[in-house]
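Asker: My structure is below; once you've seen it, I'll send some questions.
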Amino acid sequence: MTHTVVSSATKEVVIGFDRPFVVIGERINPTGRKLLAAEMAAGDYSRVRADAIAQVEAGAHMLDVNAGIPLADEPAILAESIQLVQSLTDVPLSIDSSIVAALEAGLKVYKGKALLNSVTGEEERLEVVLPLVKKYGAAVIAISNDETGISPDPDVRYEVAKKIVHRAMDYGIPAADVVVDPLVMPVGALNDAGRQVFRLVRRLREELKVNTCCGASNFSFGLPNRHGLNASFLAMLTGAGMTSAIMNPLRPEEMTAILAADVANGHDENCMRWIQKFREPISADAANQGQRAGRENRRRRPAGATSEAV
């Protein structure tokens, strides 16, 4: 089994085929969030603080941290955000940026083994990001596109992923430390998007034997009831072999789908996490009634009788 191990200073998370699905919280990302972007650019991290705590409380195993704000000092903001989040929670982080200087700034301050998000199959990107991954002992998300863009053919995307994995090994980075993003396309624009990614994930698992991750919300882009659709898609992805996703843990229908998929895939021993989450607690009234009934039964028991059948 392939295990991708990431960690904070005190906590380890293992992404693997035989492990529960790993939820990577997506909300510390200013893309499309104008208020968060303005606050982070101004040095106000109160919303970052709140999002970090809320996502972990909702069940996220890791958090993705992104500081992609136009015209802002992204390396400095990303480093400050990582330090803040690591002071608030012990879950490992995914360091997310398209700017290499920002990735290195984040790696320099990170405590533990980070997941670097991301590297593509473009030669220029490979030559600058993979040395960082090796230098800081990180794991990395490999996105299945290259200089030609995102291919609509899943077999082409597989070959790009294979190239990245082999190139990483040339740098001394084991395949277990490469988590492939097969690129989830919007099903509203490409009706075959679901079947394409299921097929590709199976190939990545069975042939390359690597763990996988995706931006799950891309699938439902532009459609109504996005979270209901995402929930079903996530459950089916786990059946195809996907082992982690960057997603919104604050959406209960999506988190329920992940918990259910772990049960169905045999990754929740004795269904204990499901039971702990959903079993109805015994009310105080019911507990008191049970105690009163027990006392009444003892009072009515004939003299010399025992509690055992004879």
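Numbering starts fresh at 1 for the residues of each chain in the structure tokens, the chains themselves are lettered A, B, ... in the order given, and ligands are numbered from 1 as they appear.
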Residues of stretch 22-69 of chain A that have any atom at most 9 Å from an atom of stretch 81-92 of chain A: could you tabulate them with the shortest-distance atom pair and the distance in Å to one decimal, using only C-alpha atoms, ordered by chain and increasing number, as CSV?
Answerer:
residue,atom,partner,partner_atom,distance
A:Ile28,CA,A:Ser81,CA,9.0
A:Met40,CA,A:Ser81,CA,8.6
A:Tyr45,CA,A:Ser81,CA,7.4
A:Val48,CA,A:Ser81,CA,7.4
A:Arg49,CA,A:Val85,CA,6.8
A:Ala52,CA,A:Val85,CA,6.5
A:Ile53,CA,A:Leu88,CA,7.2
A:Val56,CA,A:Thr89,CA,7.8
A:Ala60,CA,A:Val91,CA,8.3
A:His61,CA,A:Val91,CA,6.2
A:Met62,CA,A:Pro92,CA,5.1
A:Leu63,CA,A:Pro92,CA,6.8
A:Asp64,CA,A:Pro92,CA,9.0
A:Val65,CA,A:Ile82,CA,6.9
A:Asn66,CA,A:Ser81,CA,8.4
A:Ala67,CA,A:Ser81,CA,7.9
Asker: With N, CA, C and O atoms retained, write the just-selected residues as a PDB file, in the first residue's frame.
Answerer:
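Result file out.pdb:
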ATOM      1  N   ILE A  28      -9.364  28.708   3.436  1.00  0.00           N
ATOM      2  CA  ILE A  28      -8.365  29.776   3.605  1.00  0.00           C
ATOM      3  C   ILE A  28      -7.758  30.060   2.233  1.00  0.00           C
ATOM      4  O   ILE A  28      -6.635  29.692   1.913  1.00  0.00           O
ATOM      5  N   MET A  40      -6.706  40.162   4.348  1.00  0.00           N
ATOM      6  CA  MET A  40      -5.361  39.578   4.379  1.00  0.00           C
ATOM      7  C   MET A  40      -4.333  40.567   3.841  1.00  0.00           C
ATOM      8  O   MET A  40      -3.229  40.692   4.393  1.00  0.00           O
ATOM      9  N   TYR A  45      -5.966  39.089   9.929  1.00  0.00           N
ATOM     10  CA  TYR A  45      -6.107  37.645   9.757  1.00  0.00           C
ATOM     11  C   TYR A  45      -7.218  37.061  10.628  1.00  0.00           C
ATOM     12  O   TYR A  45      -7.243  35.857  10.894  1.00  0.00           O
ATOM     13  N   VAL A  48      -9.096  34.448   8.705  1.00  0.00           N
ATOM     14  CA  VAL A  48      -8.247  33.258   8.560  1.00  0.00           C
ATOM     15  C   VAL A  48      -8.313  32.434   9.841  1.00  0.00           C
ATOM     16  O   VAL A  48      -8.464  31.202   9.804  1.00  0.00           O
ATOM     17  N   ARG A  49      -8.217  33.130  10.964  1.00  0.00           N
ATOM     18  CA  ARG A  49      -8.297  32.460  12.271  1.00  0.00           C
ATOM     19  C   ARG A  49      -9.621  31.716  12.414  1.00  0.00           C
ATOM     20  O   ARG A  49      -9.672  30.532  12.776  1.00  0.00           O
ATOM     21  N   ALA A  52      -9.922  28.677  10.016  1.00  0.00           N
ATOM     22  CA  ALA A  52      -9.081  27.554  10.428  1.00  0.00           C
ATOM     23  C   ALA A  52      -9.754  26.757  11.534  1.00  0.00           C
ATOM     24  O   ALA A  52      -9.876  25.520  11.454  1.00  0.00           O
ATOM     25  N   ILE A  53     -10.211  27.445  12.553  1.00  0.00           N
ATOM     26  CA  ILE A  53     -10.837  26.768  13.697  1.00  0.00           C
ATOM     27  C   ILE A  53     -12.118  26.062  13.282  1.00  0.00           C
ATOM     28  O   ILE A  53     -12.361  24.900  13.640  1.00  0.00           O
ATOM     29  N   VAL A  56     -11.503  22.762  11.202  1.00  0.00           N
ATOM     30  CA  VAL A  56     -11.010  21.641  12.007  1.00  0.00           C
ATOM     31  C   VAL A  56     -12.131  21.101  12.888  1.00  0.00           C
ATOM     32  O   VAL A  56     -12.305  19.885  13.025  1.00  0.00           O
ATOM     33  N   ALA A  60     -12.147  18.576   9.294  1.00  0.00           N
ATOM     34  CA  ALA A  60     -11.033  18.586   8.345  1.00  0.00           C
ATOM     35  C   ALA A  60      -9.803  17.947   8.975  1.00  0.00           C
ATOM     36  O   ALA A  60      -9.469  18.222  10.127  1.00  0.00           O
ATOM     37  N   HIS A  61      -9.121  17.104   8.201  1.00  0.00           N
ATOM     38  CA  HIS A  61      -7.897  16.454   8.677  1.00  0.00           C
ATOM     39  C   HIS A  61      -6.662  17.299   8.381  1.00  0.00           C
ATOM     40  O   HIS A  61      -5.630  17.162   9.042  1.00  0.00           O
ATOM     41  N   MET A  62      -6.769  18.150   7.346  1.00  0.00           N
ATOM     42  CA  MET A  62      -5.703  19.061   6.950  1.00  0.00           C
ATOM     43  C   MET A  62      -6.356  20.361   6.489  1.00  0.00           C
ATOM     44  O   MET A  62      -7.563  20.409   6.247  1.00  0.00           O
ATOM     45  N   LEU A  63      -5.536  21.415   6.344  1.00  0.00           N
ATOM     46  CA  LEU A  63      -6.038  22.683   5.829  1.00  0.00           C
ATOM     47  C   LEU A  63      -5.148  23.143   4.681  1.00  0.00           C
ATOM     48  O   LEU A  63      -3.925  23.051   4.763  1.00  0.00           O
ATOM     49  N   ASP A  64      -5.788  23.646   3.634  1.00  0.00           N
ATOM     50  CA  ASP A  64      -5.072  24.265   2.521  1.00  0.00           C
ATOM     51  C   ASP A  64      -4.971  25.760   2.826  1.00  0.00           C
ATOM     52  O   ASP A  64      -5.964  26.395   3.203  1.00  0.00           O
ATOM     53  N   VAL A  65      -3.784  26.332   2.685  1.00  0.00           N
ATOM     54  CA  VAL A  65      -3.576  27.755   2.957  1.00  0.00           C
ATOM     55  C   VAL A  65      -3.063  28.433   1.686  1.00  0.00           C
ATOM     56  O   VAL A  65      -2.003  28.080   1.168  1.00  0.00           O
ATOM     57  N   ASN A  66      -3.830  29.410   1.203  1.00  0.00           N
ATOM     58  CA  ASN A  66      -3.534  30.116  -0.030  1.00  0.00           C
ATOM     59  C   ASN A  66      -3.580  31.615   0.250  1.00  0.00           C
ATOM     60  O   ASN A  66      -4.433  32.081   1.011  1.00  0.00           O
ATOM     61  N   ALA A  67      -2.680  32.368  -0.364  1.00  0.00           N
ATOM     62  CA  ALA A  67      -2.656  33.825  -0.180  1.00  0.00           C
ATOM     63  C   ALA A  67      -2.532  34.536  -1.522  1.00  0.00           C
ATOM     64  O   ALA A  67      -1.872  35.562  -1.635  1.00  0.00           O
TER      65      ALA A  67
END
Asker: Which residues come within 12 Å of A:Arg226, counting only C-alpha atoms, excluding same-chain residues fewer than 3 positions away, as a list in words?
Answerer: Pro186, Val187, Gly188, Ala216, Ser217, Asn218, Phe219, Ser220, Phe221, Gly222, Leu223, Leu229, Asn230, Ala231, Ser232, Phe233, Leu234, Asn248, Arg251, Glu253 and Glu254 of chain A
Asker: I'd like to know which of A:Ile258, A:Ile150, A:Ile164, A:Cys271 is closest to A:Met185, using only C-alpha atoms.
Answerer: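 Going through A:Ile258, A:Ile150, A:Ile164, A:Cys271 one by one, the smallest distance to A:Met185 is for A:Ile150.
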Asker: Using only C-alpha atoms, find the one residue out of A:Gly25, A:Gly43, A:Gly112, A:Gly149 that sits nearest to A:Gln55.
Answerer: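 Nearest to A:Gln55: A:Gly25.
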Asker: I'd like to know which residues of stretch 21-146 of chain A are alpha helix (DSSP H) (by DSSP, run on the backbone); could you write them as a PyMOL selection string?
Answerer: chain A and resi 34-41+46-57+74-88+100-109+123-136
Asker: Please identify all polymer residues within 9 Å of stretch 6-17 of chain A, counting only C-alpha atoms, omitting same-chain residues fewer than 5 positions from it, and present them as a PyMOL selection string.
Answerer: chain A and resi 1+22+61-62+86+90-93+110-115+138-139+177+179+205+210-212+241-244
Asker: Just to be explicit: take each residue in the selection above, keep C-alpha atoms, and write the result as a compact mmCIF listing (two decimals), in the first residue's frame.
Answerer:
# COMPACT_ATOMS: atom_id res chain seq x y z
CA MET A 1 0.00 0.00 0.00
CA VAL A 22 -8.46 12.72 3.98
CA HIS A 61 -7.90 16.45 8.68
CA MET A 62 -5.70 19.06 6.95
CA GLN A 86 -0.06 26.44 12.98
CA ASP A 90 -2.14 20.88 15.04
CA VAL A 91 -3.45 19.56 11.70
CA PRO A 92 -0.93 19.43 8.82
CA LEU A 93 -1.17 22.03 6.05
CA TYR A 110 6.41 25.52 8.28
CA LYS A 111 6.83 23.13 11.20
CA GLY A 112 6.58 19.52 10.10
CA LYS A 113 6.26 17.85 6.69
CA ALA A 114 4.03 19.96 4.44
CA LEU A 115 2.03 19.06 1.36
CA ALA A 138 7.80 17.91 1.65
CA ALA A 139 5.18 15.95 -0.26
CA ASP A 177 5.33 11.69 -1.74
CA VAL A 179 -0.18 13.00 -4.74
CA ARG A 205 -4.01 3.80 -8.29
CA VAL A 210 0.03 6.88 -6.23
CA ASN A 211 -2.42 8.66 -3.97
CA THR A 212 -4.77 11.19 -5.46
CA GLY A 241 -9.80 5.03 -5.45
CA MET A 242 -9.45 8.74 -4.70
CA THR A 243 -7.76 9.15 -1.31
CA SER A 244 -8.11 12.87 -0.49
Asker: Compare A:Ala260, A:Val197, A:Ala58, A:Val140 by their minimum atom-to-atom distance to A:Val180, counting only C-alpha atoms, and give me the closest one.
Answerer: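 Nearest candidate to A:Val180 out of A:Ala260, A:Val197, A:Ala58, A:Val140: A:Val140.
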Asker: Identify all residues of stretch 52-282 of chain A in strand (DSSP E or B) (DSSP on the backbone) and supply them as a PyMOL selection string.
Answerer: chain A and resi 62-66+93-96+113+115-119+139-143+146+149+178-181+212+215+244-247
Asker: Hey, what's within 8 Å of A:Pro20 if we count only C-alpha atoms and toss same-chain stuff fewer than 6 positions away? As a list in words, please?
Answerer: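 In the requested form, the answer reads Thr243, Asp262, His267 and Asp268 of chain A.
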Asker: Emit the selected residues as a compact mmCIF listing (two decimals), in the first residue's frame, including N, CA and C atoms.
Answerer:
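Produced file result-v7.txt, reproduced below:
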# COMPACT_ATOMS: atom_id res chain seq x y z
N THR A 243 -8.11 9.28 -2.73
CA THR A 243 -7.76 9.15 -1.31
C THR A 243 -7.82 10.46 -0.52
N ASP A 262 -16.38 5.94 3.77
CA ASP A 262 -15.39 5.23 4.59
C ASP A 262 -15.98 3.95 5.16
N HIS A 267 -13.15 1.36 5.70
CA HIS A 267 -12.13 2.21 6.31
C HIS A 267 -12.60 2.85 7.62
N ASP A 268 -13.69 2.36 8.17
CA ASP A 268 -14.19 2.82 9.46
C ASP A 268 -14.45 1.57 10.30
Asker: Can you work out which one of A:Pro75, A:Leu237, A:Asn225, A:Phe278 has the shortest atom-to-atom distance to A:Ala105, counting only C-alpha atoms?
Answerer: A:Pro75
Asker: Give me, as a PyMOL selection string, all polymer residues having an atom no more than 7 Å from A:Phe198, counting only C-alpha atoms and skipping those fewer than 3 positions away in the same chain.
Answerer: chain A and resi 194-195+201-202+237+240
Asker: A:Val119: which residues within 9 Å, counting only C-alpha atoms, same-chain residues fewer than 4 positions away excluded, as a list in words?
Answerer: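 The neighbour list is Ser98, Arg125, Leu126, Val129, Leu130, Val140, Ile141, Ala142, Ile143, Ser144 and Ile164 of chain A.
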Asker: So that I can check the surroundings of A:Glu147, please list as a PyMOL selection string every protein, DNA and RNA residue that reaches within 10 Å of it, counting only C-alpha atoms and ignoring chain neighbours fewer than 5 positions away.
Answerer: chain A and resi 120-125
Asker: Write out the residues from the selection above, keeping all heavy atoms, as a compact mmCIF listing (two decimals), in the first residue's frame.
Answerer:
# COMPACT_ATOMS: atom_id res chain seq x y z
N THR A 120 3.14 21.23 -11.81
CA THR A 120 2.52 20.73 -13.04
C THR A 120 3.59 20.03 -13.87
O THR A 120 4.75 19.95 -13.48
CB THR A 120 1.92 21.89 -13.86
OG1 THR A 120 2.99 22.74 -14.30
CG2 THR A 120 0.92 22.69 -13.03
N GLY A 121 3.18 19.55 -15.06
CA GLY A 121 4.12 18.88 -15.93
C GLY A 121 4.91 19.81 -16.82
O GLY A 121 5.70 19.33 -17.66
N GLU A 122 4.76 21.10 -16.66
CA GLU A 122 5.55 22.06 -17.44
C GLU A 122 7.01 22.00 -17.01
O GLU A 122 7.32 22.01 -15.82
CB GLU A 122 5.00 23.47 -17.23
CG GLU A 122 3.56 23.64 -17.71
CD GLU A 122 2.93 24.92 -17.18
OE1 GLU A 122 2.61 24.95 -15.98
OE2 GLU A 122 2.79 25.86 -17.96
N GLU A 123 7.91 21.95 -17.97
CA GLU A 123 9.33 21.78 -17.66
C GLU A 123 9.84 22.88 -16.73
O GLU A 123 10.58 22.61 -15.78
CB GLU A 123 10.14 21.77 -18.96
CG GLU A 123 10.02 20.50 -19.77
CD GLU A 123 10.54 19.28 -19.03
OE1 GLU A 123 11.49 19.44 -18.22
OE2 GLU A 123 10.02 18.18 -19.24
N GLU A 124 9.47 24.11 -17.01
CA GLU A 124 9.94 25.22 -16.18
C GLU A 124 9.49 25.07 -14.73
O GLU A 124 10.24 25.34 -13.80
CB GLU A 124 9.42 26.54 -16.75
CG GLU A 124 9.90 27.77 -16.00
CD GLU A 124 9.39 29.06 -16.62
OE1 GLU A 124 8.87 29.02 -17.75
OE2 GLU A 124 9.51 30.11 -15.97
N ARG A 125 8.26 24.61 -14.56
CA ARG A 125 7.72 24.41 -13.21
C ARG A 125 8.41 23.25 -12.50
O ARG A 125 8.75 23.34 -11.32
CB ARG A 125 6.22 24.17 -13.31
CG ARG A 125 5.48 24.14 -11.99
CD ARG A 125 5.24 25.51 -11.45
NE ARG A 125 4.43 25.45 -10.23
CZ ARG A 125 4.16 26.51 -9.48
NH1 ARG A 125 4.62 27.69 -9.81
NH2 ARG A 125 3.43 26.39 -8.39
